[in-house]
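Q: Structure file model-v3.cif, mmCIF, C-alpha atoms, is pasted below:
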data_input
#
loop_
_atom_site.label_atom_id
_atom_site.label_comp_id
_atom_site.auth_asym_id
_atom_site.auth_seq_id
_atom_site.Cartn_x
_atom_site.Cartn_y
_atom_site.Cartn_z
CA MET A 1 0.00 0.00 0.00
CA LYS A 2 2.78 2.31 1.02
CA TYR A 3 4.55 1.69 -2.25
CA PHE A 4 1.36 2.33 -4.14
CA PHE A 5 1.11 5.83 -2.65
CA LEU A 6 4.78 6.43 -3.19
CA SER A 7 4.40 5.55 -6.85
CA LEU A 8 1.46 7.96 -7.04
CA LEU A 9 3.76 10.69 -5.75
CA LEU A 10 6.27 9.83 -8.43
CA LEU A 11 3.57 10.13 -11.05
CA THR A 12 2.65 13.66 -9.99
CA GLY A 13 6.27 14.63 -10.40
CA SER A 14 6.21 13.83 -14.08
CA VAL A 15 3.17 16.03 -14.78
CA GLN A 16 4.65 19.48 -14.93
CA ALA A 17 2.75 22.69 -15.04
CA THR A 18 3.31 24.31 -18.37
CA GLN A 19 3.83 28.00 -18.02
CA VAL A 20 4.07 30.40 -20.86
CA LEU A 21 6.82 32.94 -20.60
CA ILE A 22 5.96 36.25 -22.17
CA GLU A 23 8.70 38.53 -23.38
CA PHE A 24 8.15 42.27 -23.15
CA LYS A 25 10.08 45.04 -24.85
CA SER A 26 10.09 47.17 -21.74
CA PRO A 27 9.19 46.97 -18.05
CA GLU A 28 6.50 49.61 -18.74
CA GLN A 29 4.74 47.30 -21.18
CA GLN A 30 4.98 44.48 -18.70
CA ALA A 31 3.45 46.65 -15.99
CA LEU A 32 0.72 47.82 -18.35
CA PHE A 33 -0.12 44.25 -19.33
CA LYS A 34 -0.34 43.27 -15.69
CA GLU A 35 -2.51 46.26 -14.86
CA LEU A 36 -4.87 45.65 -17.78
CA THR A 37 -5.32 41.93 -17.15
CA HIS A 38 -6.20 42.74 -13.55
CA GLU A 39 -8.66 45.49 -14.48
CA LEU A 40 -10.37 43.77 -17.38
CA ARG A 41 -13.23 41.55 -16.42
CA CYS A 42 -13.99 38.16 -17.92
CA PRO A 43 -17.39 38.55 -19.64
CA LYS A 44 -18.22 34.87 -19.32
CA CYS A 45 -17.49 34.58 -15.63
CA GLN A 46 -19.22 36.00 -12.61
CA ASN A 47 -16.72 38.44 -11.18
CA GLN A 48 -13.26 37.32 -12.24
CA ASN A 49 -10.63 39.33 -14.01
CA ILE A 50 -9.04 37.97 -17.15
CA ALA A 51 -5.73 37.35 -15.39
CA ASP A 52 -7.57 35.00 -13.07
CA SER A 53 -9.80 33.12 -15.46
CA ASN A 54 -9.08 30.36 -17.90
CA ALA A 55 -12.39 30.62 -19.77
CA VAL A 56 -11.75 30.60 -23.52
CA VAL A 57 -12.91 34.17 -23.88
CA ALA A 58 -10.63 35.31 -21.03
CA VAL A 59 -7.65 33.57 -22.62
CA ASP A 60 -8.46 35.22 -25.95
CA MET A 61 -8.75 38.59 -24.24
CA ARG A 62 -5.39 38.09 -22.56
CA HIS A 63 -3.79 37.30 -25.90
CA LYS A 64 -5.42 40.32 -27.51
CA THR A 65 -4.36 42.55 -24.63
CA LEU A 66 -0.80 41.31 -24.99
CA GLU A 67 -0.87 41.88 -28.74
CA LEU A 68 -2.17 45.42 -28.38
CA VAL A 69 0.26 46.25 -25.57
CA GLN A 70 3.17 44.93 -27.63
CA GLN A 71 2.00 47.11 -30.50
CA GLY A 72 2.57 50.01 -28.14
CA GLN A 73 -1.06 50.97 -27.57
CA THR A 74 -1.93 52.96 -24.48
CA LYS A 75 -4.09 51.74 -21.64
CA GLN A 76 -7.06 53.78 -22.85
CA GLN A 77 -6.74 52.43 -26.38
CA VAL A 78 -6.79 48.84 -25.15
CA LEU A 79 -9.75 49.55 -22.86
CA ASP A 80 -11.67 51.18 -25.73
CA TYR A 81 -10.90 48.21 -27.95
CA MET A 82 -12.31 45.78 -25.40
CA LYS A 83 -15.28 47.97 -24.49
CA SER A 84 -16.32 48.39 -28.12
CA ARG A 85 -16.75 44.61 -28.25
CA TYR A 86 -17.71 43.50 -24.78
CA GLY A 87 -19.24 46.68 -23.37
CA ASP A 88 -18.57 48.66 -20.19
CA PHE A 89 -19.12 45.44 -18.25
CA VAL A 90 -15.64 44.35 -19.20
CA HIS A 91 -13.84 47.06 -17.19
CA TYR A 92 -13.90 47.00 -13.42
CA GLN A 93 -14.03 50.80 -13.33
CA PRO A 94 -17.54 51.75 -14.43
CA PRO A 95 -17.78 55.01 -16.36
CA LEU A 96 -19.94 57.87 -15.12
CA ASN A 97 -23.07 57.97 -17.27
CA LYS A 98 -26.82 58.14 -16.83
CA PHE A 99 -27.05 54.47 -15.88
CA THR A 100 -24.29 54.58 -13.29
CA LEU A 101 -24.95 58.08 -11.94
CA ILE A 102 -26.90 56.58 -9.06
CA LEU A 103 -23.75 54.81 -7.84
CA TRP A 104 -22.14 58.17 -7.24
CA LEU A 105 -25.28 59.99 -6.08
CA LEU A 106 -26.71 57.42 -3.71
CA PRO A 107 -24.02 57.63 -1.00
CA ALA A 108 -24.14 61.43 -1.07
CA LEU A 109 -27.94 61.37 -0.89
CA MET A 110 -27.83 58.97 2.03
CA VAL A 111 -25.42 61.17 3.97
CA LEU A 112 -27.59 64.19 3.21
CA GLY A 113 -30.71 62.34 4.31
CA LEU A 114 -29.08 61.29 7.56
CA ILE A 115 -27.98 64.85 8.30
CA LEU A 116 -31.50 66.13 7.63
CA LEU A 117 -32.93 63.42 9.85
CA LEU A 118 -30.55 64.30 12.66
CA LEU A 119 -31.37 68.00 12.34
CA ALA A 120 -35.09 67.29 12.34
CA ARG A 121 -34.77 65.11 15.41
CA ARG A 122 -32.74 67.74 17.21
CA LYS A 123 -35.35 70.37 16.45
CA ALA A 124 -38.09 68.06 17.69
CA ASP A 125 -36.20 67.35 20.91
CA HIS A 126 -35.68 71.06 21.41
CA ALA A 127 -39.37 71.81 20.81
CA GLU A 128 -40.31 69.13 23.32
CA LEU A 129 -38.00 70.65 25.92
CA VAL A 130 -39.55 74.08 25.36
CA ASP A 131 -43.00 72.54 25.60
CA GLU A 132 -42.06 70.91 28.85
CA ALA A 133 -40.62 74.13 30.16
CA VAL A 134 -43.80 75.98 29.24
CA THR A 135 -46.07 73.46 30.88
CA GLU A 136 -43.82 73.43 33.90
CA SER A 137 -43.86 77.20 34.24
CA GLN A 138 -47.60 77.24 33.68
CA GLY A 139 -48.01 74.77 36.49
CA GLN A 140 -45.96 76.97 38.74
CA LEU A 141 -47.97 80.06 37.81
CA GLU A 142 -51.20 78.25 38.50
CA GLN A 143 -49.91 77.20 41.88
CA GLN A 144 -48.91 80.78 42.64
CA LEU A 145 -52.33 81.95 41.52
CA ASP A 146 -54.04 79.37 43.66
CA HIS A 147 -51.89 80.47 46.52
CA LEU A 148 -52.84 84.14 46.06
CA ILE A 149 -56.53 83.38 45.72
CA GLU A 150 -56.33 81.43 48.94
CA GLN A 151 -54.67 84.33 50.65
CA TYR A 152 -57.29 86.84 49.51
CA ARG A 153 -60.12 84.52 50.50
CA ARG A 154 -58.80 84.32 54.02
CA LYS A 155 -58.46 88.07 54.29
CA SER A 156 -61.93 88.85 53.14
CA MET B 1 -42.46 63.23 13.51
CA ARG B 2 -43.18 59.88 15.17
CA LYS B 3 -44.99 58.77 12.01
CA LEU B 4 -42.10 59.79 9.81
CA ALA B 5 -39.59 57.99 12.02
CA PHE B 6 -41.67 54.86 11.61
CA PHE B 7 -42.26 55.30 7.91
CA ILE B 8 -38.70 55.93 6.69
CA PRO B 9 -37.16 52.64 7.84
CA PHE B 10 -40.29 50.86 6.70
CA ALA B 11 -40.06 52.39 3.22
CA LEU B 12 -36.34 51.55 3.06
CA PHE B 13 -37.07 47.98 4.05
CA ILE B 14 -39.80 47.61 1.42
CA GLY B 15 -37.59 49.18 -1.24
CA LEU B 16 -34.67 46.89 -0.43
CA SER B 17 -36.94 43.84 -0.37
CA VAL B 18 -38.43 44.62 -3.77
CA PHE B 19 -34.92 45.24 -5.21
CA LEU B 20 -33.50 41.99 -3.86
CA PHE B 21 -36.62 40.01 -4.76
CA SER B 22 -36.53 41.16 -8.37
CA GLY B 23 -32.84 40.19 -8.39
CA LEU B 24 -33.87 36.59 -7.80
CA PHE B 25 -35.41 36.49 -11.26
CA SER B 26 -32.86 38.50 -13.21
CA ASN B 27 -30.33 36.86 -15.48
CA PRO B 28 -26.81 38.04 -14.67
CA MET B 29 -25.60 36.90 -18.08
CA GLU B 30 -28.00 39.17 -19.89
CA ARG B 31 -26.60 42.49 -20.96
CA GLU B 32 -26.89 44.50 -24.07
CA SER B 33 -24.40 43.69 -26.77
CA SER B 34 -22.22 46.63 -27.76
CA VAL B 35 -22.26 45.73 -31.46
CA LEU B 36 -26.02 46.25 -31.85
CA ASP B 37 -27.08 48.41 -34.79
CA GLN B 38 -23.59 48.21 -36.23
CA PRO B 39 -22.64 46.54 -39.48
CA LEU B 40 -20.91 43.17 -39.28
CA PRO B 41 -17.24 43.67 -38.45
CA ALA B 42 -14.80 42.99 -41.27
CA PHE B 43 -13.86 39.35 -41.68
CA ALA B 44 -12.70 36.86 -44.29
CA LEU B 45 -13.23 33.35 -43.01
CA PRO B 46 -13.43 29.99 -44.75
CA ASP B 47 -16.48 27.83 -45.13
CA LEU B 48 -16.28 24.88 -42.75
CA GLN B 49 -17.03 22.18 -45.33
CA GLN B 50 -15.49 23.91 -48.35
CA PRO B 51 -12.46 25.76 -46.97
CA GLU B 52 -11.55 27.17 -50.37
CA LYS B 53 -14.68 29.34 -50.18
CA ILE B 54 -14.09 32.52 -48.19
CA TRP B 55 -16.99 34.34 -46.57
CA THR B 56 -16.91 38.12 -46.07
CA PRO B 57 -19.55 40.57 -44.77
CA ASP B 58 -20.45 41.36 -48.38
CA SER B 59 -20.92 37.75 -49.42
CA VAL B 60 -23.14 36.81 -46.45
CA LYS B 61 -25.56 39.72 -46.62
CA GLY B 62 -28.54 40.11 -48.89
CA LYS B 63 -31.25 38.44 -46.86
CA PRO B 64 -32.00 38.74 -43.14
CA PHE B 65 -30.55 35.77 -41.30
CA LEU B 66 -29.68 34.34 -37.92
CA LEU B 67 -25.99 34.00 -37.22
CA ASN B 68 -25.75 31.16 -34.74
CA VAL B 69 -22.49 30.70 -32.84
CA TRP B 70 -22.10 27.03 -32.00
CA GLY B 71 -19.75 24.09 -31.64
CA THR B 72 -20.11 20.33 -31.44
CA TRP B 73 -18.39 20.47 -28.03
CA CYS B 74 -21.19 22.70 -26.69
CA VAL B 75 -24.02 20.76 -25.08
CA THR B 76 -26.63 23.52 -25.22
CA CYS B 77 -25.89 24.11 -28.92
CA ASN B 78 -26.57 20.46 -29.63
CA ALA B 79 -29.83 20.72 -27.73
CA GLU B 80 -31.06 23.62 -29.85
CA LEU B 81 -30.15 22.04 -33.21
CA ALA B 82 -33.50 20.26 -33.47
CA TYR B 83 -35.57 23.40 -32.95
CA LEU B 84 -33.34 25.46 -35.24
CA THR B 85 -33.84 22.81 -37.90
CA GLU B 86 -37.60 23.24 -37.45
CA LEU B 87 -37.15 26.97 -37.96
CA ARG B 88 -35.17 26.32 -41.11
CA GLU B 89 -38.02 24.20 -42.42
CA GLN B 90 -40.32 27.18 -41.76
CA GLY B 91 -38.10 29.22 -44.00
CA VAL B 92 -35.82 30.97 -41.51
CA MET B 93 -32.32 31.44 -42.85
CA ILE B 94 -29.67 30.37 -40.36
CA VAL B 95 -25.92 30.59 -40.83
CA GLY B 96 -23.58 28.82 -38.46
CA LEU B 97 -20.48 30.44 -37.05
CA TYR B 98 -18.38 27.57 -35.81
CA TYR B 99 -16.73 28.27 -32.45
CA GLN B 100 -13.49 26.30 -32.48
CA GLN B 101 -11.99 25.89 -29.04
CA PRO B 102 -8.28 26.57 -28.75
CA THR B 103 -6.03 23.60 -29.23
CA ASP B 104 -3.52 23.22 -26.45
CA ALA B 105 -0.12 22.65 -28.00
CA ALA B 106 1.25 21.75 -24.58
CA PHE B 107 -0.95 18.65 -24.61
CA GLY B 108 0.02 17.78 -28.16
CA GLU B 109 -3.29 18.92 -29.60
CA VAL B 110 -3.28 19.97 -33.22
CA PHE B 111 -6.11 21.40 -35.27
CA ASP B 112 -7.40 18.76 -37.65
CA LEU B 113 -9.80 20.19 -40.21
CA ALA B 114 -10.77 16.87 -41.79
CA ALA B 115 -11.68 15.40 -38.41
CA LEU B 116 -13.68 18.49 -37.54
CA GLN B 117 -15.57 18.39 -40.83
CA GLN B 118 -16.44 14.78 -40.22
CA GLU B 119 -17.52 15.44 -36.65
CA VAL B 120 -19.73 18.35 -37.70
CA ALA B 121 -21.28 16.44 -40.59
CA LEU B 122 -22.07 13.51 -38.31
CA LYS B 123 -23.55 15.75 -35.64
CA LEU B 124 -25.76 17.58 -38.11
CA GLU B 125 -26.88 14.31 -39.63
CA GLN B 126 -27.90 13.01 -36.23
CA GLN B 127 -29.50 16.13 -34.76
CA GLY B 128 -30.73 17.94 -37.84
CA ASN B 129 -28.99 20.55 -39.93
CA PRO B 130 -30.37 24.08 -39.52
CA TYR B 131 -27.50 25.77 -41.33
CA GLN B 132 -27.35 27.06 -44.88
CA TRP B 133 -23.62 26.96 -44.42
CA ASN B 134 -21.06 27.14 -41.63
CA ILE B 135 -18.30 29.69 -41.26
CA LEU B 136 -15.23 28.35 -39.50
CA ASP B 137 -13.74 30.82 -37.03
CA LYS B 138 -10.68 28.85 -36.03
CA ASP B 139 -8.96 31.64 -34.12
CA ARG B 140 -12.23 33.19 -32.91
CA THR B 141 -11.46 36.55 -34.51
CA LEU B 142 -14.98 37.32 -35.72
CA ILE B 143 -16.31 35.80 -32.52
CA PHE B 144 -14.10 38.21 -30.59
CA ASP B 145 -15.13 41.21 -32.68
CA LEU B 146 -18.80 40.33 -32.11
CA GLY B 147 -18.24 40.27 -28.35
CA VAL B 148 -19.29 36.64 -28.05
CA THR B 149 -18.69 35.31 -24.55
CA GLY B 150 -19.48 31.66 -25.24
CA ALA B 151 -21.75 29.35 -27.16
CA PRO B 152 -24.55 29.29 -28.06
CA GLU B 153 -25.16 32.89 -28.99
CA THR B 154 -27.26 34.17 -31.85
CA PHE B 155 -27.28 37.42 -33.79
CA LEU B 156 -30.07 38.61 -36.03
CA ILE B 157 -28.56 40.30 -39.09
CA ASP B 158 -30.69 42.32 -41.49
CA ALA B 159 -30.48 42.39 -45.28
CA GLN B 160 -27.97 45.26 -45.15
CA GLY B 161 -25.66 43.24 -42.92
CA VAL B 162 -26.43 45.26 -39.78
CA ILE B 163 -26.64 43.45 -36.43
CA ARG B 164 -30.13 44.02 -35.04
CA LEU B 165 -30.53 41.62 -32.16
CA HIS B 166 -28.39 39.51 -29.91
CA HIS B 167 -29.36 36.53 -27.81
CA ILE B 168 -27.16 34.68 -25.32
CA GLY B 169 -28.19 31.10 -24.68
CA ASP B 170 -30.22 28.58 -26.58
CA ILE B 171 -33.13 29.30 -28.87
CA ASN B 172 -36.26 27.43 -27.90
CA PRO B 173 -39.89 27.99 -28.95
CA GLN B 174 -40.43 30.44 -26.08
CA VAL B 175 -37.34 32.55 -26.84
CA TRP B 176 -38.15 32.53 -30.54
CA GLN B 177 -41.73 33.69 -29.99
CA GLN B 178 -40.95 36.31 -27.38
CA LYS B 179 -37.69 37.74 -28.58
CA LEU B 180 -36.81 36.94 -32.17
CA ALA B 181 -39.85 36.03 -34.28
CA ALA B 182 -41.38 39.49 -34.50
CA ALA B 183 -38.07 41.19 -35.31
CA TYR B 184 -37.31 38.58 -37.97
CA GLN B 185 -40.75 38.93 -39.56
CA ASN B 186 -40.40 42.71 -39.63
CA MET B 187 -37.17 42.38 -41.57
CA GLN B 188 -38.81 40.18 -44.16
CA GLU B 189 -41.18 42.95 -45.17
#
Is it possible to express this structure as structure tokens?
A:
Amino acid sequence: MKYFFLSLLLLTGSVQATQVLIEFKSPEQQALFKELTHELRCPKCQNQNIADSNAVVAVDMRHKTLELVQQGQTKQQVLDYMKSRYGDFVHYQPPLNKFTLILWLLPALMVLGLILLLLARRKADHAELVDEAVTESQGQLEQQLDHLIEQYRRKS
Amino acid sequence: MRKLAFFIPFALFIGLSVFLFSGLFSNPMERESSVLDQPLPAFALPDLQQPEKIWTPDSVKGKPFLLNVWGTWCVTCNAELAYLTELREQGVMIVGLYYQQPTDAAFGEVFDLAALQQEVALKLEQQGNPYQWNILDKDRTLIFDLGVTGAPETFLIDAQGVIRLHHIGDINPQVWQQKLAAAYQNMQE
């Protein structure tokens, strides 16, 4: 049994991971390729970048990215190339347009709403305090009045 | 004030519930294709069965047709072949765009056209042949330019060669009736 497992281990040794080495003209291109493959999103997958996915479309996009980067295209050019085919979905940085405006507005609106709510509550608390003070002072006045009436009654 | 304090969280809760509930029925794969209302991208690709014949945007256009991206390796594509064949019998023009998966040289795989032709012919004989002809996209260049994410996907192309509709997933009677039939009929007129 032991030897069986040992031979299994030997087998795994012979299966080697094949890695593709990519040659770049400059470190800048290498950095750009890395950046792009991490920012571009695999359109077939649910939430994976193309560096991370081995779906056919992701592999094709990696190759295309490499080709365009090696041609010396800028980041924006490569992004536009991909977006014209696979849409805004393909970039992890959504652009600001009428569909995505709410993403930017919603947090601001929520903060604003909270501030308004706090202010309103403060005002309400304040009004309640004043109310209480008024009723309190009224009570006192009534007592004083009662007291005075009592006094006058006794005198008369 | 009390009423408002009660109502705001309640409204937020209802809003969130409706949003999340509707999310249960949405299809995350569905999004609008960015090539809609654009002419077919430039290509020059061989016919699958007669490789000496080269198809280009000019040679495919003339009549409205469905461009169906498929492959024999794709299970869903095989499942829709029968219904597509029915559509063909009703007079719908369907052109196949063959999605060839990459061959992995590291595993000694080589692209064998003759074997592929045989495989495709056999498959179409068994399941029905909906295609007027098949375009072989060995390196998935047209597939890439069309923004295809996988197979099956179908494009509706009008007589001028402009892409009018895009559908991800299989075509079944329901999809055809609800999404494609009307648009296709309109193009006929």
Q: Do you know which residues the PyMOL selection byres ((chain B and resi 2) around 12) returns on this file, as a compact mmCIF listing (two decimals) with C-alpha atoms, in the frame of the given file?
A:
# COMPACT_ATOMS: atom_id res chain seq x y z
CA ALA A 120 -35.09 67.29 12.34
CA ARG A 121 -34.77 65.11 15.41
CA ALA A 124 -38.09 68.06 17.69
CA ASP A 125 -36.20 67.35 20.91
CA MET B 1 -42.46 63.23 13.51
CA LYS B 3 -44.99 58.77 12.01
CA LEU B 4 -42.10 59.79 9.81
CA ALA B 5 -39.59 57.99 12.02
CA PHE B 6 -41.67 54.86 11.61
CA PHE B 7 -42.26 55.30 7.91
CA ILE B 8 -38.70 55.93 6.69
CA PRO B 9 -37.16 52.64 7.84
Q: Kindly compute an axis-aligned box around the listed atoms of range 62-65 of chain B, allowing 4 Å on each side, and express its centre and edge lengths in Å to one decimal as AutoDock Vina command-line options.
A:
--center_x -30.3 --center_y 37.9 --center_z -45.1 --size_x 11.5 --size_y 12.3 --size_z 15.6
Q: Near range 37-54 of chain B, within 6 Å and counting all atoms listed in the file, which residues show up once chain neighbours fewer than 2 positions away are dropped, as a list in words?
A: Val35, Thr56, Asn134, Ile135, Leu136, Gly161, Val162, Ile163 and Arg164 of chain B
Q: Could you list the residues chosen by the PyMOL selection byres ((chain A) within 10 of (chain B)) in this structure as a compact mmCIF listing (two decimals) with C-alpha atoms, in the coordinates of the input?
A:
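Output file out34.txt follows:
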# COMPACT_ATOMS: atom_id res chain seq x y z
CA ALA A 17 2.75 22.69 -15.04
CA THR A 18 3.31 24.31 -18.37
CA GLN A 19 3.83 28.00 -18.02
CA VAL A 20 4.07 30.40 -20.86
CA CYS A 42 -13.99 38.16 -17.92
CA PRO A 43 -17.39 38.55 -19.64
CA LYS A 44 -18.22 34.87 -19.32
CA CYS A 45 -17.49 34.58 -15.63
CA GLN A 46 -19.22 36.00 -12.61
CA ALA A 55 -12.39 30.62 -19.77
CA VAL A 56 -11.75 30.60 -23.52
CA VAL A 57 -12.91 34.17 -23.88
CA ALA A 58 -10.63 35.31 -21.03
CA VAL A 59 -7.65 33.57 -22.62
CA ASP A 60 -8.46 35.22 -25.95
CA MET A 61 -8.75 38.59 -24.24
CA LYS A 64 -5.42 40.32 -27.51
CA TYR A 81 -10.90 48.21 -27.95
CA MET A 82 -12.31 45.78 -25.40
CA LYS A 83 -15.28 47.97 -24.49
CA SER A 84 -16.32 48.39 -28.12
CA ARG A 85 -16.75 44.61 -28.25
CA TYR A 86 -17.71 43.50 -24.78
CA GLY A 87 -19.24 46.68 -23.37
CA ASP A 88 -18.57 48.66 -20.19
CA PHE A 89 -19.12 45.44 -18.25
CA LEU A 117 -32.93 63.42 9.85
CA ALA A 120 -35.09 67.29 12.34
CA ARG A 121 -34.77 65.11 15.41
CA ALA A 124 -38.09 68.06 17.69
Q: Between CA of Gly128 in chain B and CA of Leu87 in chain B, what is the distance, to one decimal in Å?
A: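 Straight-line distance from CA of Gly128 in chain B to CA of Leu87 in chain B works out to 11.1 Å.
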